[in-house]
>>> print(open('data_35.txt').read())   # compact mmCIF, C-alpha atoms
# COMPACT_ATOMS: atom_id res chain seq x y z
CA GLU A 18 0.00 0.00 0.00
CA ALA A 19 1.37 3.39 -0.98
CA GLY A 20 1.95 5.87 1.79
CA VAL A 21 1.24 9.58 1.87
CA VAL A 22 2.89 11.23 -1.10
CA GLN A 23 4.14 14.80 -1.07
CA SER A 24 5.84 16.93 -3.64
CA PRO A 25 8.16 18.63 -4.05
CA ARG A 26 10.52 17.27 -1.40
CA TYR A 27 12.58 20.42 -1.37
CA LYS A 28 11.85 23.98 -2.43
CA ILE A 29 14.03 27.07 -2.30
CA ILE A 30 12.47 30.42 -3.11
CA GLU A 31 13.10 34.07 -2.51
CA LYS A 32 10.91 35.98 -0.10
CA LYS A 33 7.73 37.46 -1.50
CA GLN A 34 7.48 34.66 -4.06
CA PRO A 35 4.53 32.23 -4.07
CA VAL A 36 4.95 28.51 -3.39
CA ALA A 37 2.64 25.50 -3.44
CA PHE A 38 2.86 22.06 -1.91
CA TRP A 39 0.93 18.99 -2.99
CA CYS A 40 -0.21 15.99 -0.97
CA ASN A 41 -1.90 12.73 -1.93
CA PRO A 42 -3.13 10.87 1.17
CA ILE A 43 -3.44 7.12 1.62
CA SER A 44 -6.35 5.78 -0.41
CA GLY A 45 -9.55 5.69 1.62
CA HIS A 46 -8.38 8.10 4.30
CA ASN A 47 -11.03 10.75 4.79
CA THR A 48 -9.01 12.98 7.10
CA LEU A 49 -6.07 15.01 5.84
CA TYR A 50 -3.81 17.26 7.89
CA TRP A 51 -1.22 19.88 7.03
CA TYR A 52 1.47 20.52 9.67
CA ARG A 53 4.43 22.85 9.84
CA GLN A 54 7.54 21.67 11.64
CA ASN A 55 10.31 24.09 12.54
CA LEU A 56 13.79 22.80 13.31
CA GLY A 57 13.93 21.22 16.73
CA GLN A 58 10.20 21.50 17.26
CA GLY A 59 7.23 19.18 17.00
CA PRO A 60 4.72 19.44 14.16
CA GLU A 61 2.11 22.20 14.50
CA LEU A 62 -1.28 21.74 12.90
CA LEU A 63 -2.15 24.25 10.19
CA ILE A 64 -5.38 22.80 8.85
CA ARG A 65 -7.43 19.61 8.93
CA TYR A 66 -9.85 18.36 6.29
CA GLU A 67 -12.69 15.91 6.65
CA ASN A 68 -13.21 14.88 3.04
CA GLU A 69 -13.35 18.22 1.18
CA GLU A 70 -14.36 20.31 4.20
CA ALA A 71 -11.83 22.30 6.22
CA VAL A 72 -12.92 21.67 9.81
CA ASP A 73 -9.99 23.03 11.81
CA ASP A 74 -7.99 25.92 10.35
CA SER A 75 -7.57 28.11 13.41
CA GLN A 76 -3.76 27.96 13.19
CA LEU A 77 -3.57 28.76 9.48
CA PRO A 78 -2.25 32.29 8.81
CA LYS A 79 -5.02 33.19 6.45
CA ASP A 80 -3.48 36.41 5.21
CA ARG A 81 -0.89 34.47 3.22
CA PHE A 82 -1.71 30.77 3.49
CA SER A 83 -4.48 28.95 1.67
CA ALA A 84 -5.36 25.32 1.19
CA GLU A 85 -7.81 23.28 -0.78
CA ARG A 86 -9.00 19.71 -1.13
CA LEU A 87 -11.51 20.06 -3.90
CA LYS A 88 -12.47 16.43 -4.51
CA GLY A 89 -11.78 15.18 -1.02
CA VAL A 90 -8.64 13.33 -2.08
CA ASP A 91 -5.42 15.20 -2.76
CA SER A 92 -4.71 18.63 -1.37
CA THR A 93 -2.58 21.69 -2.01
CA LEU A 94 -1.18 24.20 0.45
CA LYS A 95 -0.13 27.58 -0.87
CA ILE A 96 1.84 30.47 0.56
CA GLN A 97 1.66 33.83 -1.14
CA PRO A 98 3.79 35.78 -0.56
CA ALA A 99 6.38 33.74 1.35
CA GLU A 100 8.31 35.30 4.22
CA LEU A 101 11.67 34.34 5.73
CA GLY A 102 9.90 32.90 8.78
CA ASP A 103 8.03 30.43 6.62
CA SER A 104 11.16 28.31 6.22
CA ALA A 105 10.21 24.96 7.71
CA VAL A 106 9.19 21.42 6.80
CA TYR A 107 5.56 21.14 5.73
CA LEU A 108 4.15 17.74 6.58
CA CYS A 109 0.99 16.21 5.26
CA ALA A 110 -0.69 13.38 7.16
CA SER A 111 -3.83 11.33 6.76
CA SER A 112 -5.98 9.00 8.84
CA PRO A 113 -9.16 7.00 8.24
CA THR A 114 -11.17 9.09 10.72
CA PRO A 115 -10.02 11.40 13.51
CA ALA A 116 -11.54 9.33 16.28
CA ASP A 117 -10.19 7.04 18.94
CA ASN A 118 -6.69 5.67 18.62
CA ASN A 119 -6.27 6.21 14.93
CA GLU A 120 -2.68 6.98 14.23
CA GLN A 121 -1.74 9.58 11.69
CA PHE A 122 0.30 8.51 8.68
CA PHE A 123 2.76 11.20 7.69
CA GLY A 124 4.27 11.96 4.34
CA PRO A 125 8.00 12.71 3.92
CA GLY A 126 7.37 16.45 3.98
CA THR A 127 8.44 19.38 1.86
CA ARG A 128 11.43 21.28 3.15
CA LEU A 129 10.93 24.96 2.30
CA THR A 130 13.78 27.44 2.41
CA VAL A 131 12.92 31.11 1.94
CA LEU A 132 15.90 33.32 1.12
CA GLY B 10 -4.73 24.62 25.85
CA GLN B 11 -2.05 22.00 26.20
CA ASN B 12 1.49 22.16 27.54
CA ILE B 13 3.82 19.27 26.79
CA ASP B 14 7.34 18.95 28.17
CA GLN B 15 10.07 16.54 27.06
CA PRO B 16 13.85 16.60 27.47
CA THR B 17 15.55 18.12 24.47
CA GLU B 18 18.28 15.53 24.07
CA MET B 19 19.40 12.23 25.54
CA THR B 20 22.33 9.94 24.85
CA ALA B 21 22.64 6.21 25.50
CA THR B 22 24.83 3.25 24.68
CA GLU B 23 24.02 0.52 22.20
CA GLY B 24 22.42 -2.43 23.99
CA ALA B 25 21.29 -0.34 26.95
CA ILE B 26 17.84 0.77 28.11
CA VAL B 27 16.63 4.35 27.92
CA GLN B 28 13.51 6.03 29.28
CA ILE B 29 12.16 9.18 27.64
CA ASN B 30 9.75 11.13 29.81
CA CYS B 31 6.86 13.33 28.82
CA THR B 32 4.78 15.49 31.15
CA TYR B 33 1.70 17.30 30.05
CA GLN B 34 -0.99 19.69 31.19
CA THR B 35 -4.22 19.62 29.26
CA SER B 36 -7.79 20.79 29.53
CA GLY B 37 -9.08 17.23 29.56
CA PHE B 38 -7.31 14.15 28.27
CA ASN B 39 -8.18 11.83 25.42
CA GLY B 40 -5.07 9.83 24.65
CA LEU B 41 -1.31 10.10 24.29
CA PHE B 42 0.79 9.09 21.30
CA TRP B 43 4.49 8.47 20.80
CA TYR B 44 6.03 8.91 17.37
CA GLN B 45 9.55 8.28 16.11
CA GLN B 46 11.11 10.65 13.60
CA HIS B 47 14.46 10.04 11.95
CA ALA B 48 16.29 13.09 10.68
CA GLY B 49 14.78 14.32 7.45
CA GLU B 50 11.98 11.78 7.53
CA ALA B 51 8.32 11.66 8.49
CA PRO B 52 7.13 10.82 12.01
CA THR B 53 6.03 7.20 12.37
CA PHE B 54 3.60 5.88 14.96
CA LEU B 55 4.99 3.93 17.91
CA SER B 56 2.27 3.71 20.56
CA TYR B 57 -1.02 4.97 21.90
CA ASN B 58 -2.09 5.08 25.58
CA VAL B 59 -5.46 6.17 26.87
CA LEU B 60 -5.66 4.16 30.11
CA ASP B 61 -3.13 4.06 32.94
CA GLY B 62 -0.45 1.43 32.74
CA LEU B 63 2.20 -0.04 30.53
CA GLU B 64 1.77 -0.99 26.89
CA GLU B 65 4.51 -3.24 25.56
CA LYS B 66 5.34 -3.68 21.91
CA GLY B 67 8.58 -5.53 21.23
CA ARG B 68 11.58 -3.50 22.35
CA PHE B 69 9.41 -0.43 22.95
CA SER B 70 7.02 0.14 25.85
CA SER B 71 4.93 3.16 26.77
CA PHE B 72 3.58 4.04 30.19
CA LEU B 73 0.84 6.44 31.18
CA SER B 74 -0.28 7.95 34.48
CA ARG B 75 -3.24 10.24 33.89
CA SER B 76 -3.37 11.48 37.49
CA LYS B 77 0.24 12.64 37.24
CA GLY B 78 0.04 13.92 33.67
CA TYR B 79 3.02 11.75 32.88
CA SER B 80 4.13 9.25 30.29
CA TYR B 81 7.37 7.59 29.34
CA LEU B 82 8.67 5.66 26.39
CA LEU B 83 11.04 2.83 27.29
CA LEU B 84 13.44 1.54 24.67
CA LYS B 85 15.25 -1.71 25.41
CA GLU B 86 18.27 -3.34 23.74
CA LEU B 87 19.11 -0.09 22.02
CA GLN B 88 20.34 -0.23 18.46
CA MET B 89 22.14 2.42 16.46
CA LYS B 90 19.07 2.78 14.26
CA ASP B 91 17.10 3.97 17.31
CA SER B 92 18.91 7.30 17.05
CA ALA B 93 16.03 9.62 16.23
CA SER B 94 13.68 12.21 17.67
CA TYR B 95 10.84 10.86 19.81
CA LEU B 96 7.69 12.96 19.83
CA CYS B 97 5.09 12.87 22.57
CA ALA B 98 1.64 14.00 21.41
CA VAL B 99 -1.38 14.54 23.63
CA ARG B 100 -5.00 14.71 22.60
CA GLY B 101 -7.31 16.81 24.71
CA VAL B 102 -11.07 16.99 24.69
CA GLY B 103 -13.23 19.18 22.55
CA GLY B 104 -14.22 16.93 19.73
CA SER B 105 -11.47 17.61 17.27
CA TYR B 106 -9.37 14.56 18.27
CA ILE B 107 -6.25 16.34 17.07
CA PRO B 108 -3.12 15.64 19.12
CA THR B 109 -0.74 18.43 20.09
CA PHE B 110 2.92 17.51 19.68
CA GLY B 111 5.75 18.22 22.06
CA ARG B 112 9.04 19.48 20.68
CA GLY B 113 10.53 15.99 20.70
CA THR B 114 13.50 14.35 22.39
CA SER B 115 16.57 13.75 20.26
CA LEU B 116 18.07 10.38 21.21
CA ILE B 117 21.65 9.66 20.25
CA VAL B 118 22.77 6.04 20.53
CA HIS B 119 26.51 5.51 20.47
CA PRO B 120 28.55 2.31 20.28
>>> encode(input="data_35.txt", output="structure tokens")
Amino acid sequence: EAGVVQSPRYKIIEKKQPVAFWCNPISGHNTLYWYRQNLGQGPELLIRYENEEAVDDSQLPKDRFSAERLKGVDSTLKIQPAELGDSAVYLCASSPTPADNNEQFFGPGTRLTVL
Amino acid sequence: GQNIDQPTEMTATEGAIVQINCTYQTSGFNGLFWYQQHAGEAPTFLSYNVLDGLEEKGRFSSFLSRSKGYSYLLLKELQMKDSASYLCAVRGVGGSYIPTFGRGTSLIVHP
């Protein structure tokens, strides 16, 4: 079974440029998460989707960040414009449902460097 | 809100036993996870505790005391490949079922 797929794995951009990340969750997983992980820190939730609906986006900086999951399968996360402080690893994860002891399956992440 | 505390770094010798502690303060409690994350890779699930006591899974065990807001991950017969960051994540109440991650403990296993 294929795991969570993310692309690109690495991205280097200059500040003020736009950037987009793509995630394809494990087949059949209804819940999709986007996390940001800074060096030496744990992942911080940015947004969670239940199918195509964003149900938890309180930590998403909405002035520059946007996300979509139009058909309830794959998802994109966009930053426009990027700032130096956005340099981090952006992790996508999925799970069958958010309940009980369901573990989250993480993708390899996209390492973003903003110069 | 949730406050999760783990040591930043630990070192241990190959073949030894190491215990990684995690203390937490939450508005309600609905489960605690441990994940392993190798450098440059994704976190992978190790364990889940929701009731007090010890859960054993091969060389890894996880303990929970809800009254003390305390958990530990015990790694036995350490191998070099166990060098990684170990993330404690706590799920509070409120219906969202989303765990909050601690900053992780970097474990270095040396020969």
>>> residues_near_point(input="data_35.txt", point="(10.3, -7.9, 20.5)", cutoff="12 Å", atoms="all atoms listed in the file", output="NGL selection string")
:B and (65-70 or 84-87)
>>> atom_distance(input="data_35.txt", atom1="CA of Ile96 (chain A)", atom2="CA of Gln34 (chain A)")
8.4 Å
>>> axis_aligned_box(input="data_35.txt", around="region 77-81 of chain B", padding_each_side="5 Å", output="JSON")
{"center_x": 3.7, "center_y": 10.8, "center_z": 33.3, "size_x": 17.3, "size_y": 16.3, "size_z": 17.9}
>>> interface_residues(input="data_35.txt", of="chain A", to="chain B", cutoff="10 Å", atoms="only C-alpha atoms", output="PyMOL selection string")
chain A and resi 21+50+54-62+65+72-73+106+108-110+114-128
>>> atom_distance(input="data_35.txt", atom1="CA of Ser44 (chain A)", atom2="CA of Tyr107 (chain A)")
20.4 Å
>>> residues_around(input="data_35.txt", residues="Tyr33 (chain B)", least_positions_apart="4", cutoff="8 Å", atoms="all atoms listed in the file", output="list in words")
Gln11, Asn12, Ile13, Asp14, Gly78, Tyr79 and Val99 of chain B
>>> residues_near_point(input="data_35.txt", point="(-9.4, 10.6, 4.4)", cutoff="7 Å", atoms="only C-alpha atoms", output="ChimeraX atom specification")
/A:45-49,67-68,111-114
>>> write_last_selection(input="data_35.txt", atoms="C-alpha atoms", output="tab-separated table (two decimals), in the frame of the given file")
chain	number	residue	atom	x	y	z
A	45	GLY	CA	-9.55	5.69	1.62
A	46	HIS	CA	-8.38	8.10	4.30
A	47	ASN	CA	-11.03	10.75	4.79
A	48	THR	CA	-9.01	12.98	7.10
A	49	LEU	CA	-6.07	15.01	5.84
A	67	GLU	CA	-12.69	15.91	6.65
A	68	ASN	CA	-13.21	14.88	3.04
A	111	SER	CA	-3.83	11.33	6.76
A	112	SER	CA	-5.98	9.00	8.84
A	113	PRO	CA	-9.16	7.00	8.24
A	114	THR	CA	-11.17	9.09	10.72
>>> atom_distance(input="data_35.txt", atom1="CA of Val102 (chain B)", atom2="CA of Cys31 (chain B)")
18.8 Å
>>> residues_around(input="data_35.txt", residues="Met89 (chain B)", least_positions_apart="5", cutoff="10 Å", atoms="all atoms listed in the file", output="PyMOL selection string")
chain B and resi 21-24+117-120
>>> residues_around(input="data_35.txt", residues="Ser71 (chain B)", least_positions_apart="5", cutoff="7 Å", atoms="all atoms listed in the file", output="list in words")
Ser56, Leu63, Glu64, Glu65, Tyr81, Leu82 and Leu83 of chain B
>>> closest_residue(input="data_35.txt", among="B:Ser36, B:Ser76, B:Ala25, B:Thr20", to="Gln88 (chain B)", atoms="all atoms listed in the file")
B:Ala25
